[in-house]
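Written below as structure tokens is the structure these notes are about.
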Amino acid sequence: MATEDTREGNPAHPAGQHPDLPPPAGTTGFIGWLRENLFAGPLNTIGTIVTVAVLYMLLVPLIQWSITDAVISGSDRHGCDIGRFAANIGNAYDDFSRENLALDPNQEGLDPETARLWAARQKRAEVDLTTVGSMLGNFDNTYQIMVREGTVPTDLLAVVDQVRPLELQPALLQAIEARDLPAVDSIVNELEPLIAWGQNRDGACWVVIKERVLIFMLGFYPRHEAWRLIVAAVLLVGAVAPLLFDKMPFRKPLLFVTATFPLTGFWFVVGDFPTMIYCWIAFAIYWLDPNRIRGPTIAAALVLLNLIYYFGLSDSDGLLSTIIGLKFLDFRYVPTGEWGGLLATMVNGVVGITASLPIGIVLALGRRSNMPIIRALCTAFIETVRGVPLITVLFMAALMLPLFLPEGVSFDKFLRALIGVALFSSAYMAEVVRGGLQAIPKGQYEAAEAMGLTYWRSMRLIVLPQALKIQIPAIVNSFIGLYKDTTLLSIIGILDVLLVATQTNTRGDWVGFSSETYFFAGFIFVIFCFGMSRYSIFLERKLHTGHRS
Amino acid sequence: MRLTTLLATAAAVATVSAGVAAAGTLDDVKARGSLSCGVTTGLAGFAAPNDQGRWEGLDVDMCRAVAVAIFNDPDAVTFTPTTGKDRFTVLQSGEIDMLARNTTWTFSRDVNLGFEFLGVNYYDGQGFMVRKDLGVNSAKELDGAAVCIQTGTTTELNLADFFRANNMSFEPVVVETGDQARQAYEAGRCDVYTTDASGLAAQRAGMSDPSAHKILPEIISKEPLGPLVRHGDHQWGDVVRWTLNAMITAEELGVTSANVEEQSANPSSPEVARLLGSEGDLGEQLGLSTDWAKNVIARIGNYSESFERNIGVNTPIGLERGLNALWRDGGILYTPPFR
Amino acid sequence: MATETLATPRRSSLWTDQKFRSIFFQALTIGILGFAIAFIAHNTATNLENRGIASGFGFLSNTAGYELENTLIPYNSTDTHFRAFLVGLTGTLFVAFFGCIVATVFGFILGVLRLSHNFLINRVAYVYVEIVRNVPLLLQIFVWWAILLALPVVRESFYLGSGMYFYNGGLKAPSPIFGDLFWMTPVALFVAIGAAIGIGRWAKKRQDATGETFPAFWTGLGLIFALPVMTFFATGAPLEWEVPTLGRFRFSGGLAITDMFLALLIALAAYTAAFIAEIVRAGILAVNKGQTEAAYALGLKPNWTLRLVVIPQALRVIVPPLTSQYLNLTKNSSLGAFIGYPELVATIGGITLNQTGQAVECILITMAVYLTISLSISAFMNWYNRSIALVER
């Protein structure tokens, strides 16, 4: 007995040799975690309960609307409408209150506030009651259209066979007109299976997204040229990946993709240009050439050939033009008016990001320059642009820029918007870069100067690499801001994701599905921005440990 | 001066598609190989992309008809979506060749802004929609009501004028897009929704209970909507004007896309022969081919076909011809003869 | 500079002389800039002339012709465009002012919740911040407006008591009608505020000199509250209320806070608060834990520790980024134009621009006003930042 008992208080253990004991029950495992993290005190417990309640109230309807009650089959609005109409018969009937209908707001001795309330309630009851009838009417109309088009779902056919709503409609309308409530009750009772059917189909109408997803992605970009965008997207991923992760495989060759992406991506999307093919030939040579010397030279030669083509030959139909321009490949030019949706958003985001960084660096260097006039100009530009909303800058690009150009010369509207966005974000970028420049110890500047490096060399080789590195999270954050800001392009008529949503909502056959389209637009932005934001956090952590060690 | 030219050239080179408006727009369009046409960013029935991403609508047909007249290709058009704010800027700067953006023909736009309106492709007017349960039967009863309006058009001014003229007040809810205006109206934020009458029917069709709303009988403004071009280029103006006239005349003469080949082979009247180019050289006088109008009708159809396809009673917009019927059918569409 | 003092061999020709180069580049920049401005001005003038657009600000005194709802200053469609501009300006300032206050309060709460030890609260706050920061503000404004529109319609308004109604058109409240002697009450308020500040200074001086404390805060607060109230009743309560009454369609009379204002305010505040929350979190985390422990060791009570030790230090980290959030909020208020809140971009930069076609003037006015507001906020916050900065001796 005594030998078995090795528990607490047993004098058998000498001092300092007491065995490790399990922690008290309820402080470890799931229960312990709960206790520590959710129910640590009365206030904490209340907080947990309130949070859970709020989450429940928000999430359950959201899931019902977006998933369980959503409609995804069919190809037009009727399939969605019919479920809503059927459900609304029941909703209006449930909302309808007989007590309120019986109220008499004109009776003597009521104070004005009660009279108002009673009148409103009575009116509401009347509206609800008529809605029951009109919803059945709407249902029947839509049903007849669907029968004509042969798109009635089979489960609805069965329900309609059982309930016969078309025959019930005149009786229901008559009963409502006569305020014959028992008759209304019995008819609605008969309609119950139909209402129940509708209530499982009155959520989001994802059909509208399904039908228009290509417009959300491409706008009017010719569908048979869409493969070019897919290639461009793949290239974009290939171009961005080596910038994001410095230890990935094949980083070196991919960096070539990065370097050439401004050209290749541009010509892939715009078309009518052989550059991308040239770039890829150059890339292939570079890749196959073991010494990696000839690649850049050949690429440069090909770019030169391009320029010759673009500025000298593009208008002629001669043999030389056909050969150099690779016209036999028929790479059709797609004007910016046909871009839209995610494509427009991405082009704006990517071009804005790529352009704003170098311009921002120049502005930041200018603001820290020793030359007073340059400094004053850069400061004035940065502060002015940062002091006004993007909308006004876009208005300026859309409405004032054409006035600045000589008669007969006009910029493409999309390009004007791009210039506006790039200038706007470069001012913000300049401040981010300036923050990085200020964080570099003075010794670095002095050491670079002592080495005899010129200003630009010392900046390029010593200061900027350090300054940009510590500011990467801030730079990414400013990219996120820029990306979100592209929604404002819709105000000057550029067909971005948001304008596609609005356009869909105003189109005759899809009017009234704003929640779905805006939800989808928001979803697209969350995916991209959240991705960027996670990356920024990842970098922050990585750089943080780097500093500590 | 030299430097100015140099900078101008640099700016032109910097653009991807610099539109250089020289003396003749028609020549420019021909050289470019496509027509650049300004439309709305999206208005059901007039200009909006269908589910396949192709522009459709009455205004879009106007643009396509001009493209067919020049190139015999309805797809030789680049559509530039324009907002209420920048539609005139892009036309003035030469970025687009013509604007077909249900734009109201007004004195100041025609005279002061330096545009030329080339006819009317839809006679519209501002109307009101209300909820039936309000028990309103006339716009004159709307004193004190809240009105939902989309900004950027003549609508705001007409509305203020109408209420002031009738000594009434209203609570304006002025939002940026028609979509927002509709949502606010449907939520009961406004008692009245006002826009061009052509838009009201389409909006009603999309309400959760279409039968709960009605359109009031009053039309408070004249909105002759039509295509316009820059002032001064008469040849180009004639091309657009007579393309529109050809579509209307074709309806009057009974020429449709279905019978146009037959009519051109055996014209039923001398005017049909002149219109379709079987006789005379009207097309060449315009700087186009002789069969330009025949192509327009074959590819796009006459005015009636375009109307019924885009906004007619069998579309979600569901509009009657009304004012837009031919003069002999009780409307006011009337074109000069092809002679 | 260091290189200036060293006689480097490269300094042989004029071109390698740094001073000369600097002057040359600046002169070149000015030259190019001047030329560009002249070029643009010339083109603009030519274009405007060719297009028959009269330039100048004369249009501001023309009749605007359009109505705006619920303006802060009296306005109707027969007023001038300039008055419409003033309506927009007051609208922008109004929503920006309240937006900053609400965003700050909400942001601080959220920032503290982000540091909560409660796993669930912490995570929910985090998810909120992430979602709100990653969805474009314009969409959020649409969503908030849609939520407000789902409230009961005007006839079924919630009655909040004392003549106040809440419905999907916003909040309706009685409006005050001031009597003859009412001006004395605000005067009394200002006097009381002045006195309270004076008492505060005197109390601080006395405490520094003698170490005796004086409840200056409570005395001042009592004064600010009591003096105006007493004046108000002494002058015979010269104030009446006009209660909103429901007509056939809408309420008439009374003050209104519109749904557009509320939606814009909530959206701006909720959006900016997500950013402020992160700033606050970083600020609080930046205060060394040793500071709190040291304060406790000195015997300071917890709330004194927070007030005298933690918050002043956290504020030093928080205020500079907070300033740029206020600036962002003010600029973002321009999105109110989308849902019909009468602010600058909706009035002068919107309807006026559309109706008059004076794009250059309207855009320049709008930009200039925003720039002025931004610079003023920056100046104020810089002043505040200096006043709380660590005084280094």
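Identifiers in this document derive from the order of the structure tokens: chains are assigned A, B, ..., residues are numbered from 1 separately in each chain, and ligands are numbered from 1 in order of occurrence.
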
Contacts of stretch 228-232 of chain B at 12 Å (only C-alpha atoms; same-chain gap of 4+ positions) as a VMD selection string | (chain B and resid 21 to 26 36 to 39 59 62 to 63 87 to 106 109 to 121 224 236 to 241 244) or (chain C and resid 50 to 52)

Per DSSP on the backbone, what are the strand (DSSP E or B) residues of stretch 41-201 of chain B, as a VMD selection string?
-> chain B and resid 43 47 to 49 55 to 56 77 to 82 98 to 104 115 to 117 122 to 124 126 to 131 146 to 150 171 to 175 192 to 196

Taking only C-alpha atoms into account, report as a VMD selection string which residues of chain C lie within 7 Å of chain B.
-> chain C and resid 51 to 53 65 to 69 77 149 to 150 153 168 to 169 249 to 250 337 to 340 351 354

Could you write those residues out with N, CA, C and O atoms, as a PDB file, in the first residue's frame?
ATOM      1  N   ARG C  51     -14.230  75.455 -78.761  1.00  0.00           N
ATOM      2  CA  ARG C  51     -15.439  74.744 -78.345  1.00  0.00           C
ATOM      3  C   ARG C  51     -16.491  75.690 -77.797  1.00  0.00           C
ATOM      4  O   ARG C  51     -17.525  75.250 -77.320  1.00  0.00           O
ATOM      5  N   GLY C  52     -16.183  76.953 -77.799  1.00  0.00           N
ATOM      6  CA  GLY C  52     -17.171  77.931 -77.355  1.00  0.00           C
ATOM      7  C   GLY C  52     -17.485  77.850 -75.880  1.00  0.00           C
ATOM      8  O   GLY C  52     -18.591  78.168 -75.460  1.00  0.00           O
ATOM      9  N   ILE C  53     -16.506  77.391 -75.085  1.00  0.00           N
ATOM     10  CA  ILE C  53     -16.731  77.356 -73.644  1.00  0.00           C
ATOM     11  C   ILE C  53     -16.147  78.633 -73.059  1.00  0.00           C
ATOM     12  O   ILE C  53     -14.953  78.890 -73.210  1.00  0.00           O
ATOM     13  N   GLY C  65     -30.615  76.017 -60.415  1.00  0.00           N
ATOM     14  CA  GLY C  65     -31.729  75.337 -61.070  1.00  0.00           C
ATOM     15  C   GLY C  65     -32.028  73.941 -60.602  1.00  0.00           C
ATOM     16  O   GLY C  65     -32.995  73.337 -61.040  1.00  0.00           O
ATOM     17  N   TYR C  66     -31.201  73.386 -59.726  1.00  0.00           N
ATOM     18  CA  TYR C  66     -31.496  72.038 -59.230  1.00  0.00           C
ATOM     19  C   TYR C  66     -31.688  72.058 -57.716  1.00  0.00           C
ATOM     20  O   TYR C  66     -31.188  72.941 -57.039  1.00  0.00           O
ATOM     21  N   GLU C  67     -32.436  71.097 -57.230  1.00  0.00           N
ATOM     22  CA  GLU C  67     -32.739  71.031 -55.802  1.00  0.00           C
ATOM     23  C   GLU C  67     -31.768  70.089 -55.102  1.00  0.00           C
ATOM     24  O   GLU C  67     -31.271  69.136 -55.693  1.00  0.00           O
ATOM     25  N   LEU C  68     -31.501  70.345 -53.841  1.00  0.00           N
ATOM     26  CA  LEU C  68     -30.709  69.438 -53.018  1.00  0.00           C
ATOM     27  C   LEU C  68     -31.500  69.197 -51.743  1.00  0.00           C
ATOM     28  O   LEU C  68     -32.221  70.084 -51.283  1.00  0.00           O
ATOM     29  N   GLU C  69     -31.355  68.017 -51.194  1.00  0.00           N
ATOM     30  CA  GLU C  69     -32.153  67.704 -50.018  1.00  0.00           C
ATOM     31  C   GLU C  69     -31.372  68.024 -48.760  1.00  0.00           C
ATOM     32  O   GLU C  69     -30.176  67.750 -48.669  1.00  0.00           O
ATOM     33  N   SER C  77     -33.737  75.797 -55.534  1.00  0.00           N
ATOM     34  CA  SER C  77     -33.266  75.736 -56.912  1.00  0.00           C
ATOM     35  C   SER C  77     -33.101  77.111 -57.547  1.00  0.00           C
ATOM     36  O   SER C  77     -32.498  77.230 -58.602  1.00  0.00           O
ATOM     37  N   LEU C 149     -31.748  51.456 -45.927  1.00  0.00           N
ATOM     38  CA  LEU C 149     -32.977  51.474 -46.719  1.00  0.00           C
ATOM     39  C   LEU C 149     -33.928  50.370 -46.298  1.00  0.00           C
ATOM     40  O   LEU C 149     -35.126  50.432 -46.565  1.00  0.00           O
ATOM     41  N   ALA C 150     -33.395  49.347 -45.630  1.00  0.00           N
ATOM     42  CA  ALA C 150     -34.245  48.238 -45.202  1.00  0.00           C
ATOM     43  C   ALA C 150     -35.028  48.591 -43.937  1.00  0.00           C
ATOM     44  O   ALA C 150     -35.858  47.801 -43.484  1.00  0.00           O
ATOM     45  N   VAL C 153     -40.496  52.148 -43.658  1.00  0.00           N
ATOM     46  CA  VAL C 153     -40.751  53.336 -44.460  1.00  0.00           C
ATOM     47  C   VAL C 153     -41.349  54.423 -43.587  1.00  0.00           C
ATOM     48  O   VAL C 153     -41.712  54.186 -42.433  1.00  0.00           O
ATOM     49  N   ASN C 168     -36.428  54.850 -42.764  1.00  0.00           N
ATOM     50  CA  ASN C 168     -35.375  54.633 -43.761  1.00  0.00           C
ATOM     51  C   ASN C 168     -34.942  55.910 -44.463  1.00  0.00           C
ATOM     52  O   ASN C 168     -34.061  55.880 -45.308  1.00  0.00           O
ATOM     53  N   GLY C 169     -35.544  57.033 -44.079  1.00  0.00           N
ATOM     54  CA  GLY C 169     -35.045  58.315 -44.568  1.00  0.00           C
ATOM     55  C   GLY C 169     -34.156  58.984 -43.548  1.00  0.00           C
ATOM     56  O   GLY C 169     -33.804  60.138 -43.708  1.00  0.00           O
ATOM     57  N   PHE C 249     -47.003  62.518 -47.725  1.00  0.00           N
ATOM     58  CA  PHE C 249     -45.882  61.685 -48.147  1.00  0.00           C
ATOM     59  C   PHE C 249     -44.775  61.620 -47.105  1.00  0.00           C
ATOM     60  O   PHE C 249     -44.277  60.562 -46.783  1.00  0.00           O
ATOM     61  N   ARG C 250     -44.362  62.807 -46.629  1.00  0.00           N
ATOM     62  CA  ARG C 250     -43.146  62.902 -45.819  1.00  0.00           C
ATOM     63  C   ARG C 250     -43.418  63.727 -44.585  1.00  0.00           C
ATOM     64  O   ARG C 250     -44.464  64.361 -44.464  1.00  0.00           O
ATOM     65  N   ALA C 337     -21.045  61.417 -52.927  1.00  0.00           N
ATOM     66  CA  ALA C 337     -21.750  61.817 -54.144  1.00  0.00           C
ATOM     67  C   ALA C 337     -22.501  60.642 -54.766  1.00  0.00           C
ATOM     68  O   ALA C 337     -23.556  60.818 -55.354  1.00  0.00           O
ATOM     69  N   PHE C 338     -21.966  59.439 -54.599  1.00  0.00           N
ATOM     70  CA  PHE C 338     -22.579  58.259 -55.224  1.00  0.00           C
ATOM     71  C   PHE C 338     -23.957  57.960 -54.644  1.00  0.00           C
ATOM     72  O   PHE C 338     -24.802  57.411 -55.327  1.00  0.00           O
ATOM     73  N   ILE C 339     -24.146  58.269 -53.347  1.00  0.00           N
ATOM     74  CA  ILE C 339     -25.454  57.960 -52.758  1.00  0.00           C
ATOM     75  C   ILE C 339     -26.233  59.240 -52.498  1.00  0.00           C
ATOM     76  O   ILE C 339     -27.214  59.224 -51.753  1.00  0.00           O
ATOM     77  N   GLY C 340     -25.817  60.346 -53.113  1.00  0.00           N
ATOM     78  CA  GLY C 340     -26.641  61.532 -53.054  1.00  0.00           C
ATOM     79  C   GLY C 340     -26.500  62.348 -51.796  1.00  0.00           C
ATOM     80  O   GLY C 340     -27.406  63.097 -51.447  1.00  0.00           O
ATOM     81  N   ILE C 351     -23.289  68.064 -60.171  1.00  0.00           N
ATOM     82  CA  ILE C 351     -24.419  68.594 -60.946  1.00  0.00           C
ATOM     83  C   ILE C 351     -24.053  69.918 -61.602  1.00  0.00           C
ATOM     84  O   ILE C 351     -24.342  70.127 -62.783  1.00  0.00           O
ATOM     85  N   ASN C 354     -21.970  69.250 -64.566  1.00  0.00           N
ATOM     86  CA  ASN C 354     -22.764  68.695 -65.665  1.00  0.00           C
ATOM     87  C   ASN C 354     -23.588  69.761 -66.350  1.00  0.00           C
ATOM     88  O   ASN C 354     -23.703  69.783 -67.566  1.00  0.00           O
TER      89      ASN C 354
END

Using DSSP on the backbone, list every residue of stretch 29-263 of chain B that comes out as alpha helix (DSSP H), and give them as a ChimeraX atom specification.
-> /B:29-32,58-71,87-92,107-111,155-165,178-186,197-205,234-253,260-263

Go ahead and write the residues just picked, C-alpha atoms, as a PDB file, in the first residue's frame.
ATOM      1  CA  VAL B  29     -12.793  56.536 -90.067  1.00  0.00           C
ATOM      2  CA  LYS B  30     -12.123  54.806 -93.378  1.00  0.00           C
ATOM      3  CA  ALA B  31      -8.368  54.952 -92.810  1.00  0.00           C
ATOM      4  CA  ARG B  32      -8.731  53.574 -89.299  1.00  0.00           C
ATOM      5  CA  LEU B  58     -31.256  51.228 -80.039  1.00  0.00           C
ATOM      6  CA  ASP B  59     -28.289  53.597 -79.776  1.00  0.00           C
ATOM      7  CA  VAL B  60     -25.896  50.745 -80.447  1.00  0.00           C
ATOM      8  CA  ASP B  61     -27.841  49.917 -83.608  1.00  0.00           C
ATOM      9  CA  MET B  62     -27.393  53.539 -84.667  1.00  0.00           C
ATOM     10  CA  CYS B  63     -23.606  53.149 -84.348  1.00  0.00           C
ATOM     11  CA  ARG B  64     -23.607  49.778 -86.080  1.00  0.00           C
ATOM     12  CA  ALA B  65     -25.752  51.151 -88.886  1.00  0.00           C
ATOM     13  CA  VAL B  66     -23.192  53.886 -89.585  1.00  0.00           C
ATOM     14  CA  ALA B  67     -20.428  51.270 -89.501  1.00  0.00           C
ATOM     15  CA  VAL B  68     -22.355  49.146 -91.989  1.00  0.00           C
ATOM     16  CA  ALA B  69     -22.942  52.175 -94.217  1.00  0.00           C
ATOM     17  CA  ILE B  70     -19.202  52.773 -94.357  1.00  0.00           C
ATOM     18  CA  PHE B  71     -17.679  49.302 -94.098  1.00  0.00           C
ATOM     19  CA  ARG B  87     -19.660  62.452 -73.071  1.00  0.00           C
ATOM     20  CA  PHE B  88     -19.217  65.914 -74.577  1.00  0.00           C
ATOM     21  CA  THR B  89     -15.530  66.113 -73.726  1.00  0.00           C
ATOM     22  CA  VAL B  90     -14.687  62.914 -75.586  1.00  0.00           C
ATOM     23  CA  LEU B  91     -16.646  64.024 -78.632  1.00  0.00           C
ATOM     24  CA  GLN B  92     -15.070  67.479 -78.651  1.00  0.00           C
ATOM     25  CA  PHE B 107     -30.462  74.637 -77.843  1.00  0.00           C
ATOM     26  CA  SER B 108     -27.323  75.124 -75.780  1.00  0.00           C
ATOM     27  CA  ARG B 109     -25.828  71.782 -76.743  1.00  0.00           C
ATOM     28  CA  ASP B 110     -26.456  72.403 -80.405  1.00  0.00           C
ATOM     29  CA  VAL B 111     -25.348  76.027 -80.471  1.00  0.00           C
ATOM     30  CA  THR B 155     -33.760  65.307 -65.293  1.00  0.00           C
ATOM     31  CA  GLU B 156     -32.857  67.380 -62.230  1.00  0.00           C
ATOM     32  CA  LEU B 157     -33.594  70.653 -63.942  1.00  0.00           C
ATOM     33  CA  ASN B 158     -36.884  69.484 -65.478  1.00  0.00           C
ATOM     34  CA  LEU B 159     -38.003  68.206 -62.117  1.00  0.00           C
ATOM     35  CA  ALA B 160     -37.170  71.415 -60.263  1.00  0.00           C
ATOM     36  CA  ASP B 161     -38.880  73.418 -62.987  1.00  0.00           C
ATOM     37  CA  PHE B 162     -42.003  71.271 -62.909  1.00  0.00           C
ATOM     38  CA  PHE B 163     -42.425  71.491 -59.155  1.00  0.00           C
ATOM     39  CA  ARG B 164     -41.710  75.199 -59.070  1.00  0.00           C
ATOM     40  CA  ALA B 165     -44.145  75.860 -61.895  1.00  0.00           C
ATOM     41  CA  GLY B 178     -29.978  54.618 -62.036  1.00  0.00           C
ATOM     42  CA  ASP B 179     -29.466  51.378 -60.156  1.00  0.00           C
ATOM     43  CA  GLN B 180     -29.145  53.207 -56.843  1.00  0.00           C
ATOM     44  CA  ALA B 181     -32.167  55.371 -57.616  1.00  0.00           C
ATOM     45  CA  ARG B 182     -34.248  52.286 -58.298  1.00  0.00           C
ATOM     46  CA  GLN B 183     -33.120  50.575 -55.104  1.00  0.00           C
ATOM     47  CA  ALA B 184     -33.982  53.645 -53.024  1.00  0.00           C
ATOM     48  CA  TYR B 185     -37.383  53.902 -54.643  1.00  0.00           C
ATOM     49  CA  GLU B 186     -38.160  50.257 -54.174  1.00  0.00           C
ATOM     50  CA  ALA B 197     -40.372  57.381 -69.626  1.00  0.00           C
ATOM     51  CA  SER B 198     -38.498  54.797 -71.699  1.00  0.00           C
ATOM     52  CA  GLY B 199     -36.585  53.761 -68.586  1.00  0.00           C
ATOM     53  CA  LEU B 200     -39.534  53.563 -66.217  1.00  0.00           C
ATOM     54  CA  ALA B 201     -41.154  50.492 -67.749  1.00  0.00           C
ATOM     55  CA  ALA B 202     -37.889  48.556 -67.681  1.00  0.00           C
ATOM     56  CA  GLN B 203     -37.259  49.497 -64.079  1.00  0.00           C
ATOM     57  CA  ARG B 204     -40.759  48.457 -63.081  1.00  0.00           C
ATOM     58  CA  ALA B 205     -40.274  45.060 -64.659  1.00  0.00           C
ATOM     59  CA  HIS B 234     -20.821  68.500 -92.936  1.00  0.00           C
ATOM     60  CA  GLN B 235     -19.939  65.463 -94.981  1.00  0.00           C
ATOM     61  CA  TRP B 236     -19.650  63.349 -91.848  1.00  0.00           C
ATOM     62  CA  GLY B 237     -22.826  64.845 -90.429  1.00  0.00           C
ATOM     63  CA  ASP B 238     -24.634  63.908 -93.639  1.00  0.00           C
ATOM     64  CA  VAL B 239     -23.458  60.300 -93.428  1.00  0.00           C
ATOM     65  CA  VAL B 240     -24.870  59.858 -89.936  1.00  0.00           C
ATOM     66  CA  ARG B 241     -28.038  61.854 -90.633  1.00  0.00           C
ATOM     67  CA  TRP B 242     -28.925  59.934 -93.759  1.00  0.00           C
ATOM     68  CA  THR B 243     -28.113  56.583 -92.223  1.00  0.00           C
ATOM     69  CA  LEU B 244     -30.746  57.316 -89.598  1.00  0.00           C
ATOM     70  CA  ASN B 245     -33.121  58.619 -92.254  1.00  0.00           C
ATOM     71  CA  ALA B 246     -32.541  55.537 -94.378  1.00  0.00           C
ATOM     72  CA  MET B 247     -33.643  53.271 -91.532  1.00  0.00           C
ATOM     73  CA  ILE B 248     -36.809  55.273 -90.951  1.00  0.00           C
ATOM     74  CA  THR B 249     -37.563  55.639 -94.652  1.00  0.00           C
ATOM     75  CA  ALA B 250     -37.090  51.898 -95.126  1.00  0.00           C
ATOM     76  CA  GLU B 251     -39.843  51.270 -92.603  1.00  0.00           C
ATOM     77  CA  GLU B 252     -42.056  53.754 -94.388  1.00  0.00           C
ATOM     78  CA  LEU B 253     -41.427  52.067 -97.722  1.00  0.00           C
ATOM     79  CA  VAL B 260     -34.313  43.926 -98.932  1.00  0.00           C
ATOM     80  CA  GLU B 261     -32.596  41.676-101.489  1.00  0.00           C
ATOM     81  CA  GLU B 262     -35.801  41.145-103.374  1.00  0.00           C
ATOM     82  CA  GLN B 263     -36.711  44.835-103.181  1.00  0.00           C
TER      83      GLN B 263
END

7 Å contacts from chain A to chain C using only C-alpha atoms, as a PyMOL selection string = chain A and resi 37-38+44+48+51+117+120+371+373-374+384+387-389+392+396+399-400+403-407+484-485+487+522+525-526+529-530

Atomic distance atom CA of A:Gly360 - atom CA of A:Ile527, expressed in Å with one decimal =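 Distance reported for this atom pair: 26.5 Å.
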
Using only C-alpha atoms, determine which residues of chain A fall within 7 Å of chain B; present them as JSON, numbers by chain.
-> {"A": [134, 135, 211, 212, 215, 219, 220, 337, 398, 399, 402, 406, 408, 409, 410, 411, 412, 492, 493, 502, 503, 505, 506, 507, 508, 509, 511, 512]}
